[in-house]
$ cat final_29.tsv   # TSV, C-alpha atoms
chain	number	residue	atom	x	y	z
M	1	MET	CA	90.56	98.31	88.38
M	2	LEU	CA	92.67	96.70	85.70
M	3	ARG	CA	96.26	95.74	86.38
M	4	PHE	CA	98.69	97.06	83.76
M	5	GLY	CA	102.18	95.98	82.85
M	6	PHE	CA	104.66	95.54	80.01
M	7	HIS	CA	106.72	92.91	78.32
M	8	LEU	CA	110.19	93.97	79.45
M	9	SER	CA	113.67	92.96	78.36
M	10	ILE	CA	115.75	90.54	80.42
M	11	ALA	CA	119.03	91.85	78.99
M	12	GLY	CA	121.44	91.77	81.90
M	13	GLY	CA	119.29	89.29	83.82
M	14	CYS	CA	115.67	88.68	84.73
M	15	VAL	CA	115.93	90.72	87.90
M	16	LYS	CA	116.56	93.87	85.85
M	17	ALA	CA	113.15	93.43	84.23
M	18	ALA	CA	111.49	93.22	87.64
M	19	ARG	CA	113.31	96.32	88.82
M	20	ALA	CA	112.35	98.19	85.63
M	21	ALA	CA	108.70	97.26	86.19
M	22	ALA	CA	108.93	98.55	89.76
M	23	LEU	CA	110.42	101.85	88.59
M	24	LEU	CA	107.64	102.26	86.02
M	25	GLY	CA	105.04	101.63	88.70
M	26	THR	CA	103.35	98.77	86.87
M	27	ASP	CA	101.15	96.07	88.38
M	28	CYS	CA	102.22	93.01	86.38
M	29	LEU	CA	105.03	91.81	84.11
M	30	GLN	CA	105.77	89.61	81.11
M	31	ILE	CA	109.25	88.44	80.11
M	32	PHE	CA	111.06	85.89	78.01
M	33	SER	CA	112.92	83.49	80.25
M	34	GLY	CA	115.79	83.28	77.76
M	35	ASN	CA	116.57	83.80	74.07
M	36	PRO	CA	113.19	84.29	72.30
M	37	ARG	CA	114.61	83.33	68.91
M	38	GLY	CA	116.81	80.37	69.80
M	39	TRP	CA	116.36	76.79	70.94
M	40	LYS	CA	119.23	76.85	73.39
M	41	GLN	CA	118.27	78.55	76.66
M	42	LYS	CA	120.83	79.80	79.16
M	43	PRO	CA	120.30	78.05	82.52
M	44	ILE	CA	118.66	80.09	85.27
M	45	THR	CA	120.64	79.82	88.49
M	46	GLU	CA	118.84	79.53	91.82
M	47	PRO	CA	120.44	82.75	93.16
M	48	GLU	CA	119.20	84.62	90.05
M	49	ALA	CA	115.73	83.09	90.35
M	50	GLY	CA	115.58	83.85	94.06
M	51	GLU	CA	116.58	87.47	93.53
M	52	PHE	CA	113.95	87.80	90.80
M	53	ARG	CA	111.22	86.34	93.01
M	54	SER	CA	112.20	88.68	95.83
M	55	GLU	CA	112.11	91.73	93.56
M	56	VAL	CA	108.73	90.70	92.17
M	57	SER	CA	107.37	90.33	95.69
M	58	ARG	CA	108.73	93.74	96.76
M	59	ALA	CA	107.20	95.40	93.70
M	60	GLY	CA	103.84	93.65	94.13
M	61	LEU	CA	103.88	92.41	90.54
M	62	ASN	CA	101.01	90.01	89.84
M	63	PRO	CA	100.73	88.21	87.58
M	64	VAL	CA	104.22	87.59	86.24
M	65	VAL	CA	104.18	85.49	83.07
M	66	VAL	CA	106.76	84.03	80.73
M	67	HIS	CA	106.25	84.27	76.97
M	68	ALA	CA	107.42	81.18	75.08
M	69	PRO	CA	110.09	81.54	72.36
M	70	TYR	CA	108.91	82.29	68.83
M	71	LEU	CA	110.47	79.14	67.34
M	72	LEU	CA	107.94	76.81	68.94
M	73	ASN	CA	105.27	75.44	66.60
M	74	LEU	CA	102.88	73.39	68.68
M	75	ALA	CA	100.78	72.58	65.61
M	76	SER	CA	103.61	71.53	63.30
M	77	PRO	CA	102.93	68.57	60.98
M	78	ASP	CA	106.68	67.87	61.00
M	79	PRO	CA	107.27	65.22	63.71
M	80	GLN	CA	110.74	66.45	64.62
M	81	LEU	CA	109.77	70.13	64.89
M	82	TRP	CA	106.61	69.24	66.80
M	83	ARG	CA	108.54	67.13	69.34
M	84	ARG	CA	111.19	69.81	69.68
M	85	SER	CA	108.43	72.37	70.22
M	86	TRP	CA	106.58	70.58	73.00
M	87	LEU	CA	109.86	69.71	74.69
M	88	GLY	CA	110.79	73.39	74.41
M	89	LEU	CA	107.46	74.34	75.98
M	90	ALA	CA	108.10	71.87	78.81
M	91	GLU	CA	111.42	73.60	79.44
M	92	GLN	CA	109.64	76.96	79.56
M	93	PHE	CA	107.21	75.56	82.14
M	94	LYS	CA	110.13	74.56	84.33
M	95	ARG	CA	111.88	77.89	83.90
M	96	ALA	CA	108.66	79.78	84.67
M	97	ALA	CA	108.14	77.73	87.82
M	98	CYS	CA	111.71	78.46	88.89
M	99	LEU	CA	111.06	82.20	88.49
M	100	GLY	CA	107.75	82.00	90.34
M	101	ALA	CA	105.80	82.96	87.21
M	102	LYS	CA	102.10	82.21	87.06
M	103	ALA	CA	101.97	80.80	83.51
M	104	VAL	CA	103.61	80.49	80.12
M	105	VAL	CA	101.98	82.35	77.22
M	106	ALA	CA	102.40	80.52	73.89
M	107	HIS	CA	101.19	80.89	70.31
M	108	PRO	CA	99.38	77.80	68.97
M	109	GLY	CA	101.41	77.69	65.74
M	110	SER	CA	100.77	76.72	62.14
M	111	ARG	CA	99.12	73.48	60.96
M	112	GLY	CA	100.50	73.62	57.42
M	113	GLU	CA	98.22	71.77	55.00
M	114	LYS	CA	96.56	69.68	57.71
M	115	SER	CA	92.89	70.16	58.59
M	116	LEU	CA	91.69	72.55	61.28
M	117	LYS	CA	90.44	69.65	63.41
M	118	TRP	CA	93.83	67.96	63.13
M	119	GLY	CA	95.62	71.16	64.07
M	120	VAL	CA	93.46	71.75	67.14
M	121	ARG	CA	94.21	68.27	68.43
M	122	ARG	CA	97.90	68.62	67.60
M	123	VAL	CA	98.25	71.77	69.71
M	124	ALA	CA	96.31	70.29	72.60
M	125	GLU	CA	98.44	67.15	72.60
M	126	ALA	CA	101.64	69.21	72.52
M	127	VAL	CA	100.56	71.34	75.49
M	128	CYS	CA	99.41	68.33	77.50
M	129	ARG	CA	102.64	66.44	76.81
M	130	ALA	CA	104.70	69.45	77.81
M	131	TYR	CA	102.67	69.96	80.96
M	132	GLU	CA	103.05	66.33	82.01
M	133	SER	CA	106.75	66.24	81.14
M	134	SER	CA	107.42	69.37	83.24
M	135	GLY	CA	105.66	67.99	86.28
M	136	GLY	CA	102.59	70.18	85.91
M	137	GLN	CA	104.06	73.18	87.71
M	138	VAL	CA	102.53	76.05	85.71
M	139	PRO	CA	99.76	76.21	83.07
M	140	CYS	CA	99.87	77.31	79.44
M	141	TRP	CA	97.85	80.31	78.30
M	142	LEU	CA	97.31	80.10	74.54
M	143	GLU	CA	97.37	83.43	72.74
M	144	ASN	CA	95.06	84.37	69.90
M	145	THR	CA	96.72	85.16	66.58
M	146	CYS	CA	95.94	87.47	63.67
M	147	GLY	CA	95.00	84.43	61.59
M	148	GLY	CA	96.01	84.13	57.98
M	149	GLY	CA	97.35	81.10	56.16
M	150	SER	CA	97.40	78.06	58.40
M	151	LEU	CA	97.91	79.93	61.69
M	152	LEU	CA	95.69	78.59	64.45
M	153	GLY	CA	93.93	80.65	67.09
M	154	GLY	CA	92.80	83.67	65.10
M	155	ASP	CA	89.16	82.74	65.39
M	156	LEU	CA	88.01	82.60	69.01
M	157	SER	CA	86.24	79.32	68.33
M	158	GLU	CA	89.60	77.73	67.51
M	159	LEU	CA	91.01	78.81	70.87
M	160	ALA	CA	87.91	77.45	72.59
M	161	ALA	CA	88.25	74.10	70.80
M	162	MET	CA	91.89	73.77	71.89
M	163	LEU	CA	91.13	74.72	75.48
M	164	LYS	CA	88.43	72.06	75.72
M	165	LEU	CA	91.23	69.52	75.27
M	166	ILE	CA	93.66	71.18	77.70
M	167	PRO	CA	92.43	70.76	81.30
M	168	GLN	CA	94.98	73.19	82.78
M	169	GLY	CA	94.86	75.72	79.93
M	170	GLY	CA	93.77	79.32	79.62
M	171	ALA	CA	93.58	82.08	77.02
M	172	CYS	CA	95.55	85.28	76.47
M	173	LEU	CA	93.78	87.75	74.18
M	174	ASP	CA	95.79	90.28	72.20
M	175	THR	CA	93.87	93.31	70.89
M	176	ALA	CA	96.16	93.85	67.87
M	177	HIS	CA	95.88	90.18	66.91
M	178	ALA	CA	92.09	90.28	67.27
M	179	TRP	CA	92.01	93.38	65.05
M	180	GLY	CA	94.20	91.66	62.47
M	181	GLN	CA	91.85	88.68	62.48
M	182	GLY	CA	88.90	90.95	61.79
M	183	TYR	CA	87.36	91.68	65.18
M	184	ALA	CA	86.60	95.41	65.28
M	185	LEU	CA	87.61	97.16	68.52
M	186	ASP	CA	87.62	100.81	67.55
M	187	ASN	CA	84.55	102.07	69.42
M	188	GLN	CA	82.23	101.23	72.31
M	189	VAL	CA	79.69	99.32	70.23
M	190	ASN	CA	82.33	97.13	68.56
M	191	VAL	CA	84.18	96.47	71.81
M	192	ALA	CA	80.93	95.46	73.53
M	193	GLY	CA	80.16	93.12	70.65
M	194	PHE	CA	83.60	91.55	70.82
M	195	LEU	CA	83.39	91.04	74.57
M	196	ASP	CA	79.94	89.50	74.16
M	197	LEU	CA	81.53	87.03	71.75
M	198	VAL	CA	84.38	86.32	74.18
M	199	GLU	CA	81.80	85.63	76.86
M	200	ASP	CA	79.80	83.31	74.62
M	201	VAL	CA	82.64	81.43	72.94
M	202	LEU	CA	85.37	81.32	75.58
M	203	ASP	CA	83.84	82.42	78.90
M	204	PHE	CA	85.74	85.11	80.77
M	205	GLU	CA	86.92	82.60	83.37
M	206	GLN	CA	89.17	81.11	80.68
M	207	VAL	CA	90.67	84.47	79.70
M	208	LYS	CA	93.59	84.78	82.12
M	209	LEU	CA	95.45	87.69	80.52
M	210	TRP	CA	95.08	90.46	77.96
M	211	HIS	CA	97.67	92.01	75.68
M	212	PHE	CA	96.77	95.65	75.04
M	213	ASN	CA	98.40	96.69	71.76
M	214	ASP	CA	97.24	99.11	69.09
M	215	SER	CA	97.62	98.10	65.45
M	216	LYS	CA	99.28	99.83	62.50
M	217	VAL	CA	97.43	97.72	59.95
M	218	GLU	CA	93.82	97.75	58.79
M	219	LEU	CA	91.03	95.58	60.17
M	220	GLY	CA	91.18	91.99	58.95
M	221	SER	CA	94.63	92.39	57.38
M	222	LYS	CA	95.83	89.10	58.97
M	223	ARG	CA	98.98	91.00	59.93
M	224	ASP	CA	100.50	91.75	63.32
M	225	VAL	CA	102.11	95.19	63.56
M	226	HIS	CA	101.96	96.72	67.03
M	227	THR	CA	102.00	100.43	67.70
M	228	HIS	CA	101.54	102.74	70.69
M	229	LEU	CA	98.13	102.83	72.35
M	230	GLY	CA	95.87	105.38	70.72
M	231	GLN	CA	98.12	105.81	67.67
M	232	GLY	CA	96.77	102.97	65.55
M	233	PHE	CA	93.47	101.83	64.07
M	234	ILE	CA	92.01	100.73	67.42
M	235	GLY	CA	92.66	104.22	68.73
M	236	GLU	CA	91.70	106.08	71.88
M	237	LYS	CA	87.99	105.28	71.54
M	238	GLY	CA	88.71	101.57	71.37
M	239	PHE	CA	90.92	101.45	74.43
M	240	LYS	CA	88.60	103.71	76.40
M	241	ALA	CA	85.77	101.28	75.64
M	242	LEU	CA	87.90	98.34	76.78
M	243	VAL	CA	88.82	99.88	80.13
M	244	SER	CA	85.23	101.09	80.60
M	245	ASP	CA	83.66	97.65	80.30
M	246	SER	CA	82.96	96.16	83.73
M	247	ARG	CA	83.83	92.68	82.46
M	248	LEU	CA	87.49	93.69	82.35
M	249	HIS	CA	87.67	95.55	85.64
M	250	GLN	CA	89.53	92.72	87.39
M	251	ALA	CA	91.67	91.84	84.35
M	252	SER	CA	95.43	92.12	83.84
M	253	ALA	CA	96.74	93.70	80.64
M	254	ILE	CA	100.30	93.50	79.34
M	255	MET	CA	101.44	96.03	76.75
M	256	GLU	CA	103.88	94.96	74.03
M	257	THR	CA	104.16	98.41	72.53
M	258	PRO	CA	107.28	99.75	70.73
M	259	LYS	CA	110.20	100.92	72.86
M	260	GLU	CA	111.50	103.75	70.73
M	261	ASN	CA	113.03	105.64	73.65
M	262	SER	CA	113.19	105.70	77.44
M	263	LEU	CA	109.81	107.44	77.65
M	264	SER	CA	107.80	105.04	75.48
M	265	ASP	CA	106.60	102.75	78.26
M	266	LYS	CA	105.84	105.66	80.59
M	267	GLN	CA	103.76	107.34	77.90
M	268	ASN	CA	101.75	104.21	77.10
M	269	LEU	CA	101.12	103.54	80.79
M	270	ALA	CA	100.04	107.14	81.39
M	271	PHE	CA	97.74	106.96	78.35
M	272	ILE	CA	95.87	103.84	79.47
M	273	ARG	CA	95.62	104.94	83.09
M	274	ARG	CA	94.25	108.32	81.98
M	275	LEU	CA	91.56	106.54	79.97
M	276	GLU	CA	90.71	104.35	82.93
M	277	ALA	CA	90.38	107.41	85.16
M	278	LEU	CA	88.14	109.12	82.59
M	279	ALA	CA	86.02	106.01	82.30
M	280	ALA	CA	85.56	105.91	86.06
M	281	CYS	CA	84.21	109.48	85.97
M	282	THR	CA	81.88	108.89	83.02
M	283	PRO	CA	78.31	107.66	83.72
M	284	GLN	CA	77.68	104.33	82.01
$ encode --input "final_29.tsv" --output "structure tokens"
Amino acid sequence: MLRFGFHLSIAGGCVKAARAAALLGTDCLQIFSGNPRGWKQKPITEPEAGEFRSEVSRAGLNPVVVHAPYLLNLASPDPQLWRRSWLGLAEQFKRAACLGAKAVVAHPGSRGEKSLKWGVRRVAEAVCRAYESSGGQVPCWLENTCGGGSLLGGDLSELAAMLKLIPQGGACLDTAHAWGQGYALDNQVNVAGFLDLVEDVLDFEQVKLWHFNDSKVELGSKRDVHTHLGQGFIGEKGFKALVSDSRLHQASAIMETPKENSLSDKQNLAFIRRLEALAACTPQ
């Protein structure tokens, strides 16, 4: 069976996110380790980290991952921003290790007017520098993007090219981003085709995590607008096909769906678990 979880807020401290995950009855968890839109990160004290690790252990949350701040651009042609970005990623590695997290999820970034080949190498070098600088405590899982402009990682082949240069790397695949890039996921045939491509281009051993998000925007829009599962263009058929495919049966999926009220996460979790239960009862 799949393991499901959410990206949860750390307002009031990381331990509150772990406790919220436990109350929801989830299997895994994603958090920011600090301010997602700022360079300056509040230090994590050992008592706070220890309490978080204990709560995670009690709740049986696995994996727990840290999402890198949005300001990082690991592909930046600007030398100062690029250095600041890989140093920022190194800090996230250290913070994740302190919290007992399994990995840091990061977006590859934008290469500006530089070539694709240059951008791929730029990201790989940034990740490897950050990993070495942090002492190699946790890996980086690069997330696919919705493409568009000079964003890297929309095409699965770009992720594969980066990961070939990152010995300790892995991939995180977001369904809404894949849809925005142009990978159809709205029915069983399209999902099977996409997973065939993942298998051929990336290999499932490299896909360490999934982000299950529906999309408000049309296929190939190059835009990233998440919505509740089953309420977007991917829809119920798409997510039922995903949970039905045996290649994902041991996978972990984090939902980054809107939190409009106190019931939003419960409703999304109930939706995906209902589809999984239906899939288990349906002959393949």
$ atom_distance --input "final_29.tsv" --atom1 "CA of Tyr131 in chain M" --atom2 "CA of Ile166 in chain M"
9.7 Å
$ closest_residue --input "final_29.tsv" --among "M:Trp210, M:Phe271, M:Tyr183, M:Trp82" --to "Val105 in chain M" --atoms "all atoms listed in the file"
M:Trp210
$ residues_around --input "final_29.tsv" --residues "Val217 in chain M" --least-positions-apart "2" --cutoff "12 Å" --atoms "all atoms listed in the file" --output "list of chain:residue names"
M:Cys146, M:Ala176, M:His177, M:Ala178, M:Trp179, M:Gly180, M:Gln181, M:Gly182, M:Asn213, M:Asp214, M:Ser215, M:Leu219, M:Gly220, M:Ser221, M:Lys222, M:Arg223, M:Asp224, M:Val225, M:His226, M:Thr227, M:Gln231, M:Gly232, M:Phe233, M:Ile234, M:Gly235
$ write_last_selection --input "final_29.tsv" --atoms "C-alpha atoms" --output "short mmCIF file (atom, residue, chain, number, x, y, z; two decimals), in the frame of the given file"
data_model
loop_
_atom_site.label_atom_id
_atom_site.label_comp_id
_atom_site.auth_asym_id
_atom_site.auth_seq_id
_atom_site.Cartn_x
_atom_site.Cartn_y
_atom_site.Cartn_z
CA CYS M 146 95.94 87.47 63.67
CA ALA M 176 96.16 93.85 67.87
CA HIS M 177 95.88 90.18 66.91
CA ALA M 178 92.09 90.28 67.27
CA TRP M 179 92.01 93.38 65.05
CA GLY M 180 94.20 91.66 62.47
CA GLN M 181 91.85 88.68 62.48
CA GLY M 182 88.90 90.95 61.79
CA ASN M 213 98.40 96.69 71.76
CA ASP M 214 97.24 99.11 69.09
CA SER M 215 97.62 98.10 65.45
CA LEU M 219 91.03 95.58 60.17
CA GLY M 220 91.18 91.99 58.95
CA SER M 221 94.63 92.39 57.38
CA LYS M 222 95.83 89.10 58.97
CA ARG M 223 98.98 91.00 59.93
CA ASP M 224 100.50 91.75 63.32
CA VAL M 225 102.11 95.19 63.56
CA HIS M 226 101.96 96.72 67.03
CA THR M 227 102.00 100.43 67.70
CA GLN M 231 98.12 105.81 67.67
CA GLY M 232 96.77 102.97 65.55
CA PHE M 233 93.47 101.83 64.07
CA ILE M 234 92.01 100.73 67.42
CA GLY M 235 92.66 104.22 68.73
#
$ closest_residue --input "final_29.tsv" --among "M:Lys42, M:Lys266, M:Lys16, M:His211" --to "Glu143 in chain M" --atoms "only C-alpha atoms"
M:His211
$ residues_around --input "final_29.tsv" --residues "range 155-160 of chain M" --least-positions-apart "2" --cutoff "10 Å" --atoms "all atoms listed in the file" --output "PDB file with C-alpha atoms, keeping the file's coordinate frame"
ATOM      1  CA  PRO M 108      99.380  77.800  68.970  1.00  0.00           C
ATOM      2  CA  LEU M 116      91.690  72.550  61.280  1.00  0.00           C
ATOM      3  CA  LYS M 117      90.440  69.650  63.410  1.00  0.00           C
ATOM      4  CA  GLY M 119      95.620  71.160  64.070  1.00  0.00           C
ATOM      5  CA  VAL M 120      93.460  71.750  67.140  1.00  0.00           C
ATOM      6  CA  LEU M 142      97.310  80.100  74.540  1.00  0.00           C
ATOM      7  CA  GLU M 143      97.370  83.430  72.740  1.00  0.00           C
ATOM      8  CA  ASN M 144      95.060  84.370  69.900  1.00  0.00           C
ATOM      9  CA  THR M 145      96.720  85.160  66.580  1.00  0.00           C
ATOM     10  CA  CYS M 146      95.940  87.470  63.670  1.00  0.00           C
ATOM     11  CA  GLY M 147      95.000  84.430  61.590  1.00  0.00           C
ATOM     12  CA  LEU M 151      97.910  79.930  61.690  1.00  0.00           C
ATOM     13  CA  LEU M 152      95.690  78.590  64.450  1.00  0.00           C
ATOM     14  CA  GLY M 153      93.930  80.650  67.090  1.00  0.00           C
ATOM     15  CA  MET M 162      91.890  73.770  71.890  1.00  0.00           C
ATOM     16  CA  LEU M 163      91.130  74.720  75.480  1.00  0.00           C
ATOM     17  CA  LYS M 164      88.430  72.060  75.720  1.00  0.00           C
ATOM     18  CA  LEU M 165      91.230  69.520  75.270  1.00  0.00           C
ATOM     19  CA  ILE M 166      93.660  71.180  77.700  1.00  0.00           C
ATOM     20  CA  GLY M 170      93.770  79.320  79.620  1.00  0.00           C
ATOM     21  CA  ALA M 171      93.580  82.080  77.020  1.00  0.00           C
ATOM     22  CA  CYS M 172      95.550  85.280  76.470  1.00  0.00           C
ATOM     23  CA  LEU M 173      93.780  87.750  74.180  1.00  0.00           C
ATOM     24  CA  ALA M 178      92.090  90.280  67.270  1.00  0.00           C
ATOM     25  CA  GLN M 181      91.850  88.680  62.480  1.00  0.00           C
ATOM     26  CA  GLY M 182      88.900  90.950  61.790  1.00  0.00           C
ATOM     27  CA  TYR M 183      87.360  91.680  65.180  1.00  0.00           C
ATOM     28  CA  LEU M 197      81.530  87.030  71.750  1.00  0.00           C
ATOM     29  CA  VAL M 198      84.380  86.320  74.180  1.00  0.00           C
ATOM     30  CA  ASP M 200      79.800  83.310  74.620  1.00  0.00           C
ATOM     31  CA  VAL M 201      82.640  81.430  72.940  1.00  0.00           C
ATOM     32  CA  LEU M 202      85.370  81.320  75.580  1.00  0.00           C
ATOM     33  CA  ASP M 203      83.840  82.420  78.900  1.00  0.00           C
ATOM     34  CA  GLN M 206      89.170  81.110  80.680  1.00  0.00           C
TER      35      GLN M 206
END
$ residues_around --input "final_29.tsv" --residues "Gly38 in chain M" --least-positions-apart "4" --cutoff "9 Å" --atoms "all atoms listed in the file" --output "list in words"
Gly34, Pro69, Tyr70 and Leu71 of chain M
$ residues_around --input "final_29.tsv" --residues "Pro36 in chain M" --least-positions-apart "5" --cutoff "12 Å" --atoms "all atoms listed in the file" --output "VMD selection string"
chain M and resid 9 to 11 31 41 to 42 66 to 72 88 92 106
$ closest_residue --input "final_29.tsv" --among "M:Leu8, M:Ala96, M:Ala184, M:Ala161" --to "Ser33 in chain M" --atoms "all atoms listed in the file"
M:Ala96
$ closest_residue --input "final_29.tsv" --among "M:Pro167, M:Gly149, M:Gly112, M:Pro63" --to "Arg129 in chain M" --atoms "only C-alpha atoms"
M:Pro167
$ closest_residue --input "final_29.tsv" --among "M:Asn187, M:Gln267, M:Ser76, M:Asn261" --to "Lys237 in chain M" --atoms "only C-alpha atoms"
M:Asn187
